[in-house]
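Student: This is model24.cif (mmCIF, C-alpha atoms).
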data_protein
loop_
_atom_site.label_atom_id
_atom_site.label_comp_id
_atom_site.auth_asym_id
_atom_site.auth_seq_id
_atom_site.Cartn_x
_atom_site.Cartn_y
_atom_site.Cartn_z
CA MET D 1295 87.40 112.27 102.41
CA ALA D 1296 85.62 112.32 105.77
CA ALA D 1297 87.79 112.58 108.88
CA HIS D 1298 86.59 109.24 110.26
CA ASP D 1299 87.95 107.50 107.14
CA LEU D 1300 91.54 108.62 107.83
CA SER D 1301 92.15 105.66 110.13
CA VAL D 1302 91.85 103.18 107.26
CA ILE D 1303 94.30 105.01 104.98
CA LEU D 1304 97.76 103.47 104.82
CA PRO D 1305 100.51 105.78 106.12
CA ARG D 1306 102.32 107.88 103.54
CA VAL D 1307 106.09 108.03 103.11
CA LEU D 1308 107.41 110.95 101.06
CA ILE D 1309 110.35 110.19 98.73
CA VAL D 1310 111.97 112.89 96.59
CA SER D 1311 112.79 111.86 93.03
CA ARG D 1312 116.15 112.24 91.34
CA ARG D 1313 116.41 113.97 87.96
CA SER D 1314 118.14 112.34 85.01
CA VAL D 1315 118.32 112.94 81.27
CA ARG D 1316 116.80 110.46 78.84
CA LYS D 1317 116.51 111.12 75.11
CA ASN D 1318 117.37 114.79 75.67
CA LYS D 1319 114.58 115.21 78.23
CA PHE D 1320 114.56 115.35 82.01
CA VAL D 1321 113.13 112.28 83.75
CA ASP D 1322 112.39 111.94 87.48
CA PHE D 1323 112.90 108.53 89.09
CA VAL D 1324 113.16 106.66 92.40
CA GLY D 1325 114.93 103.33 92.86
CA GLU D 1326 112.40 100.49 92.84
CA TYR D 1327 113.99 98.61 95.74
CA HIS D 1328 113.00 101.50 98.04
CA LEU D 1329 109.42 101.42 96.80
CA ASP D 1330 109.12 97.61 97.08
CA LEU D 1331 110.26 97.59 100.71
CA ILE D 1332 108.04 100.51 101.77
CA VAL D 1333 104.97 98.89 100.20
CA GLY D 1334 105.90 95.42 101.45
CA TYR D 1335 105.99 96.55 105.07
CA GLY D 1336 102.66 98.36 104.95
CA ALA D 1337 103.07 101.99 103.86
CA VAL D 1338 102.46 103.92 100.64
CA PRO D 1339 105.32 105.80 98.94
CA ALA D 1340 104.33 109.27 97.74
CA ILE D 1341 106.89 110.61 95.29
CA VAL D 1342 107.73 114.31 95.53
CA PRO D 1343 108.87 115.38 92.06
CA ARG D 1344 112.11 117.29 91.77
CA VAL D 1345 110.70 120.23 89.81
CA SER D 1346 111.11 123.95 90.31
CA GLY D 1347 108.97 125.45 93.05
CA VAL D 1348 108.00 122.20 94.78
CA HIS D 1349 109.90 123.25 97.92
CA MET D 1350 107.18 125.92 98.37
CA LEU D 1351 104.35 123.39 97.98
CA LEU D 1352 105.27 120.78 100.58
CA ASP D 1353 102.14 121.58 102.63
CA SER D 1354 100.16 120.04 99.77
CA PHE D 1355 101.69 116.64 100.58
CA GLU D 1356 100.17 116.53 104.08
CA PRO D 1357 99.56 114.38 106.00
CA ILE D 1358 103.21 113.28 106.14
CA HIS D 1359 103.78 110.15 108.19
CA GLY D 1360 107.39 109.49 107.18
CA VAL D 1361 110.19 110.70 104.92
CA LEU D 1362 112.72 108.53 103.06
CA LEU D 1363 115.52 110.40 101.30
CA CYS D 1364 117.95 108.42 99.18
CA GLU D 1365 120.36 108.87 96.29
CA GLY D 1366 121.22 112.04 94.43
CA GLU D 1367 123.90 114.56 93.54
CA ASP D 1368 126.37 116.20 95.93
CA ILE D 1369 124.86 118.71 98.34
CA ASP D 1370 125.81 122.32 97.65
CA PRO D 1371 128.93 122.86 99.84
CA SER D 1372 127.82 126.42 100.66
CA LEU D 1373 125.06 124.87 102.80
CA TYR D 1374 127.49 123.34 105.30
CA GLU D 1375 131.08 124.52 104.81
CA ALA D 1376 131.96 127.34 107.20
CA GLU D 1377 135.62 126.92 106.33
CA THR D 1378 137.44 125.90 103.17
CA SER D 1379 138.16 122.23 102.53
CA ASN D 1380 141.84 122.97 101.73
CA LEU D 1381 141.30 121.53 98.26
CA SER D 1382 143.04 123.39 95.46
CA PRO D 1383 141.16 124.57 92.35
CA GLU D 1384 142.97 121.86 90.40
CA GLU D 1385 141.82 119.18 92.84
CA LEU D 1386 138.23 120.43 92.72
CA GLU D 1387 138.32 120.33 88.94
CA GLU D 1388 139.66 116.77 89.04
CA ILE D 1389 136.84 115.76 91.42
CA ARG D 1390 134.26 117.23 89.05
CA ARG D 1391 135.79 115.29 86.17
CA LEU D 1392 135.98 111.95 88.03
CA HIS D 1393 132.48 112.21 89.53
CA ALA D 1394 130.67 114.20 86.85
CA SER D 1395 127.25 112.66 87.52
CA ASP D 1396 127.41 113.50 91.25
CA THR D 1397 129.08 116.91 91.29
CA ALA D 1398 126.38 118.61 89.20
CA ILE D 1399 124.75 120.46 92.11
CA ASP D 1400 120.93 120.36 92.14
CA LYS D 1401 119.87 123.30 94.31
CA GLU D 1402 116.17 122.60 93.90
CA LYS D 1403 116.58 119.06 95.24
CA ASP D 1404 118.73 120.43 98.07
CA SER D 1405 116.01 122.91 98.99
CA ILE D 1406 113.20 120.32 98.91
CA GLU D 1407 115.07 117.71 100.93
CA LEU D 1408 116.50 120.06 103.55
CA ARG D 1409 113.02 121.46 104.17
CA LEU D 1410 111.63 117.95 104.58
CA ALA D 1411 114.47 116.92 106.90
CA LYS D 1412 113.97 119.97 109.10
CA LEU D 1413 110.21 119.36 109.13
CA CYS D 1414 110.82 115.81 110.39
CA LEU D 1415 113.15 117.10 113.11
CA GLU D 1416 110.65 119.78 114.21
CA ARG D 1417 107.65 117.44 114.31
CA ASN D 1418 109.39 114.13 115.14
CA ILE D 1419 108.23 112.60 111.85
CA PRO D 1420 110.06 109.30 111.16
CA TYR D 1421 113.02 109.87 108.83
CA LEU D 1422 115.31 107.38 107.07
CA GLY D 1423 118.23 108.75 105.07
CA ILE D 1424 120.10 106.44 102.69
CA CYS D 1425 123.43 107.55 101.14
CA ARG D 1426 122.81 111.23 100.19
CA GLY D 1427 119.78 111.16 102.50
CA SER D 1428 122.06 110.56 105.50
CA GLN D 1429 124.22 113.50 104.43
CA VAL D 1430 121.14 115.73 104.10
CA LEU D 1431 120.12 114.78 107.65
CA ASN D 1432 123.55 115.62 109.04
CA VAL D 1433 123.69 118.96 107.23
CA ALA D 1434 120.14 119.83 108.36
CA CYS D 1435 121.33 119.45 111.96
CA GLY D 1436 124.48 121.54 111.54
CA GLY D 1437 126.98 118.83 110.56
CA THR D 1438 129.49 119.03 107.69
CA LEU D 1439 130.72 116.77 104.87
CA TYR D 1440 133.97 115.82 103.17
CA GLN D 1441 133.79 117.10 99.61
CA ASP D 1442 135.90 114.16 98.48
CA ILE D 1443 136.84 111.21 100.69
CA GLU D 1444 139.79 110.07 98.59
CA LYS D 1445 141.52 113.44 98.74
CA GLU D 1446 140.53 114.50 102.27
CA VAL D 1447 140.57 111.17 104.12
CA SER D 1448 142.29 108.36 102.23
CA ARG D 1449 145.53 110.19 101.48
CA LYS D 1450 145.96 110.85 105.22
CA CYS D 1451 145.44 107.19 106.19
CA PRO D 1452 148.02 104.40 106.43
CA GLU D 1453 147.89 102.10 103.43
CA ASN D 1454 146.20 99.27 105.36
CA GLN D 1455 143.34 101.54 106.47
CA ARG D 1456 142.47 103.08 103.12
CA VAL D 1457 139.04 102.28 101.72
CA VAL D 1458 137.67 102.50 98.18
CA HIS D 1459 134.20 103.99 98.65
CA ILE D 1460 133.15 103.93 94.99
CA ASP D 1461 134.11 101.65 92.10
CA TYR D 1462 132.52 102.58 88.78
CA ASP D 1463 133.81 99.36 87.17
CA ASN D 1464 132.09 97.14 89.77
CA TYR D 1465 129.26 99.39 90.84
CA ASP D 1466 126.84 96.91 92.45
CA GLY D 1467 129.36 94.26 93.40
CA HIS D 1468 131.82 96.47 95.28
CA ARG D 1469 131.91 95.99 99.06
CA HIS D 1470 134.04 97.20 101.96
CA VAL D 1471 134.03 96.25 105.61
CA VAL D 1472 132.53 98.36 108.41
CA LYS D 1473 132.75 97.90 112.16
CA VAL D 1474 129.37 97.98 113.89
CA VAL D 1475 129.01 99.83 117.20
CA LYS D 1476 127.53 97.75 120.02
CA ASP D 1477 124.11 98.50 121.49
CA THR D 1478 122.88 100.42 118.46
CA PRO D 1479 119.96 99.57 116.15
CA LEU D 1480 122.44 98.42 113.49
CA HIS D 1481 123.96 96.01 116.00
CA ASP D 1482 120.51 94.66 116.84
CA TRP D 1483 119.61 94.12 113.17
CA PHE D 1484 122.84 92.34 112.21
CA LYS D 1485 123.68 90.62 115.51
CA ASP D 1486 123.11 87.13 114.06
CA SER D 1487 125.68 87.85 111.35
CA LEU D 1488 128.37 89.40 113.56
CA GLU D 1489 131.35 87.71 115.11
CA GLU D 1490 131.68 88.95 118.70
CA GLU D 1491 135.34 89.85 118.37
CA LYS D 1492 135.20 91.55 114.97
CA MET D 1493 131.71 93.13 114.92
CA GLU D 1494 132.07 93.56 111.16
CA ILE D 1495 129.85 93.33 108.09
CA TRP D 1496 130.57 94.03 104.42
CA VAL D 1497 128.52 96.84 102.89
CA ASN D 1498 128.12 98.24 99.40
CA SER D 1499 129.43 101.71 98.66
CA TYR D 1500 128.46 104.28 96.00
CA HIS D 1501 129.74 107.61 97.31
CA HIS D 1502 132.73 109.92 97.11
CA GLN D 1503 131.53 112.20 99.94
CA GLY D 1504 130.67 111.47 103.56
CA VAL D 1505 130.16 112.81 107.08
CA LYS D 1506 133.01 115.02 108.25
CA ARG D 1507 131.66 116.49 111.48
CA LEU D 1508 128.67 114.59 112.84
CA ALA D 1509 125.91 116.80 114.21
CA GLN D 1510 125.84 116.80 118.01
CA ARG D 1511 122.49 115.06 118.43
CA PHE D 1512 123.60 111.91 116.59
CA VAL D 1513 125.48 108.78 117.68
CA PRO D 1514 127.58 106.71 115.21
CA MET D 1515 126.47 103.13 114.46
CA ALA D 1516 129.29 102.01 112.15
CA PHE D 1517 132.76 103.06 110.96
CA ALA D 1518 134.83 102.21 107.90
CA PRO D 1519 138.51 101.31 108.50
CA ASP D 1520 139.51 104.85 107.42
CA GLY D 1521 137.36 106.28 110.23
CA LEU D 1522 134.47 107.45 108.06
CA ILE D 1523 131.06 107.23 109.76
CA GLU D 1524 128.87 104.80 107.81
CA GLY D 1525 125.69 105.05 109.90
CA PHE D 1526 124.24 107.17 112.73
CA TYR D 1527 120.98 107.78 114.60
CA ASP D 1528 119.38 109.94 117.26
CA PRO D 1529 118.98 107.76 120.38
CA ASP D 1530 116.48 110.22 121.86
CA ALA D 1531 114.29 109.88 118.76
CA TYR D 1532 114.44 106.14 118.25
CA ASN D 1533 111.55 103.97 119.37
CA PRO D 1534 109.76 102.58 116.30
CA GLY D 1535 106.84 101.22 118.34
CA GLU D 1536 106.11 104.77 119.52
CA GLY D 1537 106.56 106.38 116.11
CA LYS D 1538 110.15 107.60 116.65
CA PHE D 1539 112.84 107.03 114.04
CA ILE D 1540 115.61 109.45 112.95
CA MET D 1541 118.49 107.68 111.18
CA GLY D 1542 121.07 107.92 108.40
CA LEU D 1543 122.92 105.10 106.60
CA GLN D 1544 125.72 105.88 104.17
CA PHE D 1545 125.46 102.46 102.50
CA HIS D 1546 122.48 100.94 100.66
CA PRO D 1547 121.06 97.94 102.59
CA GLU D 1548 118.22 97.61 100.06
CA ARG D 1549 120.80 96.82 97.34
CA MET D 1550 122.99 94.44 99.35
CA ARG D 1551 121.90 91.36 97.39
CA ARG D 1552 123.64 88.30 96.08
CA PRO D 1553 124.64 88.32 92.35
CA ASP D 1554 121.70 87.73 90.00
CA SER D 1555 119.36 87.24 92.97
CA ASP D 1556 116.97 89.15 95.22
CA GLU D 1557 118.39 87.34 98.27
CA PHE D 1558 119.98 89.76 100.74
CA ASP D 1559 123.63 89.49 101.79
CA TYR D 1560 122.49 89.35 105.43
CA PRO D 1561 119.10 88.70 107.07
CA GLY D 1562 119.36 92.13 108.72
CA CYS D 1563 119.57 94.11 105.45
CA PRO D 1564 115.85 94.99 105.19
CA SER D 1565 115.50 95.73 108.92
CA ALA D 1566 116.08 99.47 108.52
CA TYR D 1567 113.03 99.67 106.23
CA GLN D 1568 110.97 97.33 108.39
CA GLU D 1569 111.58 99.33 111.57
CA PHE D 1570 111.19 102.62 109.72
CA VAL D 1571 107.74 101.63 108.42
CA LYS D 1572 106.85 100.34 111.88
CA ALA D 1573 107.58 103.82 113.21
CA VAL D 1574 105.63 105.41 110.33
CA ILE D 1575 102.55 103.32 111.17
CA ALA D 1576 102.79 104.21 114.86
CA TYR D 1577 103.25 107.90 114.02
CA GLN D 1578 100.13 107.84 111.84
CA LYS D 1579 98.10 106.40 114.71
CA LYS D 1580 99.32 109.14 117.05
CA LEU D 1581 98.51 111.78 114.45
CA ASN D 1582 95.02 110.38 113.90
CA ILE D 1583 94.31 110.44 117.63
CA ALA D 1584 95.48 114.05 117.88
CA THR D 1585 93.41 115.26 114.91
CA ALA D 1586 90.33 113.03 115.03
CA VAL D 1587 86.95 114.70 115.45
CA PRO D 1588 85.23 113.37 118.61
CA LYS D 1589 81.99 111.50 118.01
CA PRO D 1590 78.96 113.57 119.00
CA LEU D 1591 77.14 112.28 122.04
CA ASN D 1592 73.84 110.66 121.10
CA LEU D 1593 71.23 111.69 123.67
CA ASN D 1594 68.10 109.72 124.33
CA LYS D 1595 64.74 111.49 124.25
CA GLU D 1596 64.67 112.26 127.99
CA MET D 1597 68.18 113.79 127.97
CA GLU D 1598 67.41 115.76 124.82
CA ASN D 1599 64.33 117.28 126.51
CA LYS D 1600 66.46 118.27 129.50
CA ARG D 1601 69.01 119.87 127.18
CA ARG D 1602 66.31 121.92 125.47
CA THR D 1603 64.90 123.04 128.82
CA ILE D 1604 68.34 124.29 129.92
CA VAL D 1605 68.89 126.09 126.60
CA ARG D 1606 65.47 127.69 126.98
CA SER D 1607 66.37 128.78 130.52
CA PHE D 1608 69.55 130.51 129.38
CA SER D 1609 67.72 132.15 126.49
CA LEU D 1610 65.21 133.69 128.90
CA ALA D 1611 68.00 134.91 131.20
CA ARG D 1612 69.79 136.44 128.21
CA ASN D 1613 66.65 138.36 127.15
CA ILE D 1614 66.21 139.69 130.69
CA TYR D 1615 69.83 140.86 130.70
CA ILE D 1616 69.67 142.52 127.25
CA THR D 1617 66.28 144.25 127.66
CA GLY D 1618 66.74 145.22 131.32
CA ASN D 1619 63.14 144.24 132.04
CA GLY D 1620 62.19 142.51 135.24
CA MET D 1621 61.49 138.81 135.44
CA ASN D 1622 57.99 137.62 134.66
CA PRO D 1623 56.86 135.49 137.67
CA SER D 1624 55.41 132.94 135.25
CA LYS D 1625 58.89 132.32 133.84
CA GLU D 1626 60.59 131.76 137.21
CA SER D 1627 60.25 127.97 137.05
CA GLU D 1628 61.89 127.91 133.60
CA LEU D 1629 64.86 129.95 134.88
CA GLN D 1630 65.29 127.47 137.74
CA ALA D 1631 66.47 124.74 135.33
CA GLY D 1632 69.41 126.87 134.23
CA ALA D 1633 70.24 127.79 137.82
CA GLU D 1634 70.33 124.14 138.86
CA PHE D 1635 72.55 123.33 135.89
CA LEU D 1636 75.03 126.07 136.84
CA GLU D 1637 75.09 124.91 140.44
CA SER D 1638 75.99 121.34 139.44
CA ASN D 1639 78.73 122.04 136.86
CA THR D 1640 82.37 123.11 136.85
CA ALA D 1641 83.76 126.55 137.57
CA LEU D 1642 83.19 129.38 135.12
CA SER D 1643 85.64 132.11 134.14
CA LEU D 1644 85.50 135.45 135.95
CA GLN D 1645 84.01 137.07 132.86
CA GLN D 1646 81.26 134.44 132.69
CA GLU D 1647 80.67 134.73 136.45
CA ASN D 1648 80.27 138.51 136.32
CA ARG D 1649 77.89 138.33 133.38
CA LEU D 1650 75.75 135.67 135.05
CA LYS D 1651 75.56 137.81 138.17
CA GLN D 1652 74.25 140.69 136.05
CA MET D 1653 71.69 138.33 134.55
CA GLY D 1654 70.45 137.35 137.96
CA ALA D 1655 72.06 133.91 138.13
CA THR D 1656 73.67 134.63 141.49
CA ILE D 1657 73.38 131.16 142.99
CA ARG D 1658 77.14 130.56 142.65
CA ASN D 1659 78.53 133.80 144.06
CA GLY D 1660 79.19 132.50 147.57
CA SER D 1661 82.59 133.12 149.18
CA SER D 1662 83.49 129.41 149.04
CA TYR D 1663 83.02 129.34 145.28
CA LEU D 1664 85.11 132.47 144.78
CA GLU D 1665 87.91 130.93 146.84
CA ARG D 1666 87.80 127.79 144.72
CA LEU D 1667 87.88 129.93 141.59
CA LYS D 1668 91.04 131.72 142.76
CA LEU D 1669 92.62 128.36 143.60
CA ASN D 1670 91.81 127.08 140.13
CA GLU D 1671 93.42 130.17 138.59
CA GLU D 1672 96.59 129.58 140.62
CA ARG D 1673 96.65 125.93 139.55
CA GLU D 1674 96.23 126.98 135.93
CA ARG D 1675 99.12 129.44 136.24
CA LEU D 1676 101.40 126.74 137.70
CA ALA D 1677 100.30 124.24 135.03
CA ARG D 1678 101.07 126.71 132.23
CA ASN D 1679 104.52 127.31 133.73
CA VAL D 1680 105.28 123.57 133.84
CA ILE D 1681 103.87 122.83 130.37
CA GLY D 1682 105.79 125.76 128.90
CA LYS D 1683 109.04 123.97 129.74
CA MET D 1684 108.02 120.70 128.04
CA SER D 1685 109.39 119.63 124.66
CA VAL D 1686 107.23 119.40 121.52
CA GLU D 1687 107.43 115.60 121.76
CA GLN D 1688 106.29 115.60 125.42
CA LEU D 1689 103.43 117.99 124.63
CA SER D 1690 102.33 115.77 121.73
CA ASP D 1691 102.31 112.69 123.97
CA LEU D 1692 100.42 114.57 126.70
CA MET D 1693 97.82 115.83 124.25
CA SER D 1694 97.35 112.33 122.84
CA PHE D 1695 96.88 110.94 126.36
CA TYR D 1696 94.21 113.45 127.38
CA PHE D 1697 92.44 113.14 124.06
CA THR D 1698 92.28 109.38 124.58
CA MET D 1699 90.95 109.91 128.11
CA GLY D 1700 88.32 112.27 126.71
CA GLN D 1701 87.17 109.67 124.20
CA ILE D 1702 86.95 107.03 126.92
CA CYS D 1703 84.92 109.38 129.15
CA SER D 1704 82.52 110.09 126.27
CA GLU D 1705 82.04 106.39 125.62
CA VAL D 1706 81.47 105.57 129.31
CA LEU D 1707 79.12 108.52 129.70
CA GLU D 1708 77.10 107.38 126.71
CA LYS D 1709 76.85 103.86 128.15
CA LYS D 1710 75.76 105.22 131.55
CA LEU D 1711 73.11 107.41 129.94
CA HIS D 1712 71.74 104.44 128.04
CA GLY D 1713 71.88 102.44 131.27
CA ILE D 1714 69.70 105.03 133.02
CA VAL D 1715 67.10 104.79 130.28
CA ASN D 1716 67.11 100.98 130.39
CA ASN D 1717 66.72 100.95 134.19
CA ASP D 1718 63.82 103.44 134.04
CA SER D 1719 61.99 101.28 131.51
CA LEU D 1720 62.13 98.18 133.72
#
Please rewrite the model in this file as structure tokens.
Tutor:
Amino acid sequence: MAAHDLSVILPRVLIVSRRSVRKNKFVDFVGEYHLDLIVGYGAVPAIVPRVSGVHMLLDSFEPIHGVLLCEGEDIDPSLYEAETSNLSPEELEEIRRLHASDTAIDKEKDSIELRLAKLCLERNIPYLGICRGSQVLNVACGGTLYQDIEKEVSRKCPENQRVVHIDYDNYDGHRHVVKVVKDTPLHDWFKDSLEEEKMEIWVNSYHHQGVKRLAQRFVPMAFAPDGLIEGFYDPDAYNPGEGKFIMGLQFHPERMRRPDSDEFDYPGCPSAYQEFVKAVIAYQKKLNIATAVPKPLNLNKEMENKRRTIVRSFSLARNIYITGNGMNPSKESELQAGAEFLESNTALSLQQENRLKQMGATIRNGSSYLERLKLNEERERLARNVIGKMSVEQLSDLMSFYFTMGQICSEVLEKKLHGIVNNDSL
């Protein structure tokens, strides 16, 4: 598809599938609630299949405007545990028996999702992690996980602070309370449902693992009574209107619905998806600006004749330089057009200056020009030093700004050129 058509393509959100077994065959799937919300708010979900080797093919899914990672098996503990969890072999075996569907490690899915998470962090691509997806985000940034909340957290808590984080007998209906942290996105989304003194909401829960050590860049947004972090975000990478969104939620807001209904438990439940897609759309616009091909300048007949005259002038000068022959007096007027062009335009590099001197175009070799050239080189050196200290995000914003300025200049220049022609014809 042509580059100019990219602006009308809806932004793409990558979602990695989860593998299951059906009729003795592997089946990849993604929860439909995720897909409905992504489409409903204006983006297109692109499913990345969990199949061998896909982690080496992620470039084929470009352009990536957002990543949503959701449910799945436990993450391989070797990817985050620097120390042992103090769980005995008997306890680990009991965990595998109680949570058989989750403890079957899927290394291929781990590899795909960790690569996508790190890609989002490197390029500031909007990222929303739900349940396992929040754990992937934390691990990608150097955080760690509890291998089993009941054995590592609950047994150390007073009875009144213990929380059941998964109930297989009441899978969708089970809820537990969380305390929302003030002045966080979660607080903003659920503020109409919060009592000022309690700051609590009831969330669903489908996990036996959770964040143990939160990566340094993140700030908690909610806690369970047992102290487990139920949501976090990067405050330095959160501004949906500017395409910034890095967040993890341990619970499933998309599934917090009333029994036998699609009505949400709280009005704020879909807000995470709404703001995420808002950031995805903004990120796509920034990416399009940075990669768009500038429109060629349409010259009127008079300007096109001038351009050809200048090109002809440089061609003659080049032939004189290459052959070493003297200048034919009859061609002097044609060389003058190139000389005038050089005199009226911006500074050349030293290499270009030296070559033009050899070619006879010496009209710009005055001492004042050489001084300005040295000053420009010093300014360039200082600019490179300053820009070298800027972050990737700052450089991206700066590039987008100057690209926009360049487009505006091209448009204004084109209008002025057309204005000259119109005035001359009056």
Student: Identify which of the residues D:Val1513, D:Ala1434, D:Ala1518, D:Ile1309 lies closest to Ser1448 in chain D, counting all atoms listed in the file when measuring atom-to-atom distances.
Tutor: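 For Ser1448 in chain D, the nearest of the candidates is D:Ala1518.
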Student: Around the point (129.7, 101.6, 104.5) in the file's coordinates, collect all residues with an atom within 7 Å, using only C-alpha atoms, and return them as a short mmCIF file (atom, residue, chain, number, x, y, z; two decimals) with C-alpha atoms, keeping the file's coordinate frame.
Tutor:
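Saved the output as selection-v7.cif:
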data_model
loop_
_atom_site.label_atom_id
_atom_site.label_comp_id
_atom_site.auth_asym_id
_atom_site.auth_seq_id
_atom_site.Cartn_x
_atom_site.Cartn_y
_atom_site.Cartn_z
CA HIS D 1470 134.04 97.20 101.96
CA VAL D 1471 134.03 96.25 105.61
CA VAL D 1472 132.53 98.36 108.41
CA VAL D 1497 128.52 96.84 102.89
CA ASN D 1498 128.12 98.24 99.40
CA SER D 1499 129.43 101.71 98.66
CA ALA D 1518 134.83 102.21 107.90
CA GLU D 1524 128.87 104.80 107.81
CA GLN D 1544 125.72 105.88 104.17
CA PHE D 1545 125.46 102.46 102.50
#
Student: Separation of CA of Leu1408 in chain D and CA of Tyr1374 in chain D, in Å?
Tutor: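 Pair CA of Leu1408 in chain D / CA of Tyr1374 in chain D returns 11.6 Å.
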Student: Rounded to one decimal in Å, what is the spacing between CA of Ala1573 in chain D and CA of Thr1698 in chain D?
Tutor: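 For CA of Ala1573 in chain D relative to CA of Thr1698 in chain D, the distance reads 19.9 Å.
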Student: Of the candidates D:Tyr1532, D:Gln1568, D:Glu1416, D:Ile1341, which one gets nearest to Ser1685 in chain D if we count all atoms listed in the file?
Tutor: D:Glu1416
Student: Which residue is closest to Val1505 in chain D? Choose from D:Glu1365, D:Asp1442, D:Glu1628, D:Glu1596 and count all atoms listed in the file.
Tutor: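 Counting all atoms listed in the file, the residue closest to Val1505 in chain D is D:Asp1442.
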Student: Could you state the separation of CA of Leu1381 in chain D and CA of Tyr1462 in chain D in Å, given to one decimal place?
Tutor: 22.9 Å
Student: So that I can check the surroundings of His1359 in chain D, please list as a list in words every protein, DNA and RNA residue that reaches within 10 Å of it, counting all atoms listed in the file and ignoring chain neighbours fewer than 6 positions away.
Tutor: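 With the cut-off at 10 Å, the set is Leu1304, Pro1305, Arg1306, Val1307, Leu1308, Ala1337, Val1338, Cys1414, Asn1418, Ile1419, Pro1420, Tyr1421, Gly1537, Val1571, Ala1573, Val1574, Ile1575, Ala1576, Tyr1577, Gln1578, Lys1579, Lys1580 and Leu1581 of chain D.
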Student: Taking into account only C-alpha atoms, which residue in the set D:Cys1435, D:Pro1534, D:Arg1601, D:Arg1313 is nearest to Lys1572 in chain D?
Tutor: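 Using only C-alpha atoms, Lys1572 in chain D sits closest to D:Pro1534.
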Student: Check what the PyMOL selection byres ((chain D and resi 1483-1487) around 8) selects in the file above and give those residues as a PyMOL selection string.
Tutor: chain D and resi 1479-1482+1488-1489+1495+1560-1563+1565-1566
Student: Which is closer to Val1474 in chain D than all the others in D:Phe1695, D:Ala1584, D:Gly1525, D:Gly1436, using only C-alpha atoms?
Tutor: D:Gly1525
Student: Find the spatial neighbours of Gln1688 in chain D, counting all atoms listed in the file, within a cut-off of 12 Å - ignore same-chain residues fewer than 6 positions away - and output them as a list in words.
Tutor: Arg1417, Asn1418, Ala1531, Val1680, Ile1681, Gly1682, Ser1694 and Phe1695 of chain D
Student: For the PyMOL selection byres ((chain D and resi 1327) around 10), applied here, can you spell out every residue it catches as a JSON list (two decimals) with C-alpha atoms, keeping the file's coordinate frame?
Tutor:
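The resulting file, expr.json, is shown below:
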[["chain", "number", "residue", "atom", "x", "y", "z"],
["D", 1324, "VAL", "CA", 113.16, 106.66, 92.40],
["D", 1325, "GLY", "CA", 114.93, 103.33, 92.86],
["D", 1326, "GLU", "CA", 112.40, 100.49, 92.84],
["D", 1328, "HIS", "CA", 113.00, 101.50, 98.04],
["D", 1329, "LEU", "CA", 109.42, 101.42, 96.80],
["D", 1330, "ASP", "CA", 109.12, 97.61, 97.08],
["D", 1331, "LEU", "CA", 110.26, 97.59, 100.71],
["D", 1332, "ILE", "CA", 108.04, 100.51, 101.77],
["D", 1547, "PRO", "CA", 121.06, 97.94, 102.59],
["D", 1548, "GLU", "CA", 118.22, 97.61, 100.06],
["D", 1549, "ARG", "CA", 120.80, 96.82, 97.34],
["D", 1556, "ASP", "CA", 116.97, 89.15, 95.22]]
Student: Please determine, counting all atoms listed in the file, which residue among D:Glu1387, D:Lys1476, D:Pro1529, D:Trp1496 has the shortest atom-to-atom distance to Phe1558 in chain D.
Tutor: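 With all atoms listed in the file as the atom set, the closest residue is D:Trp1496.
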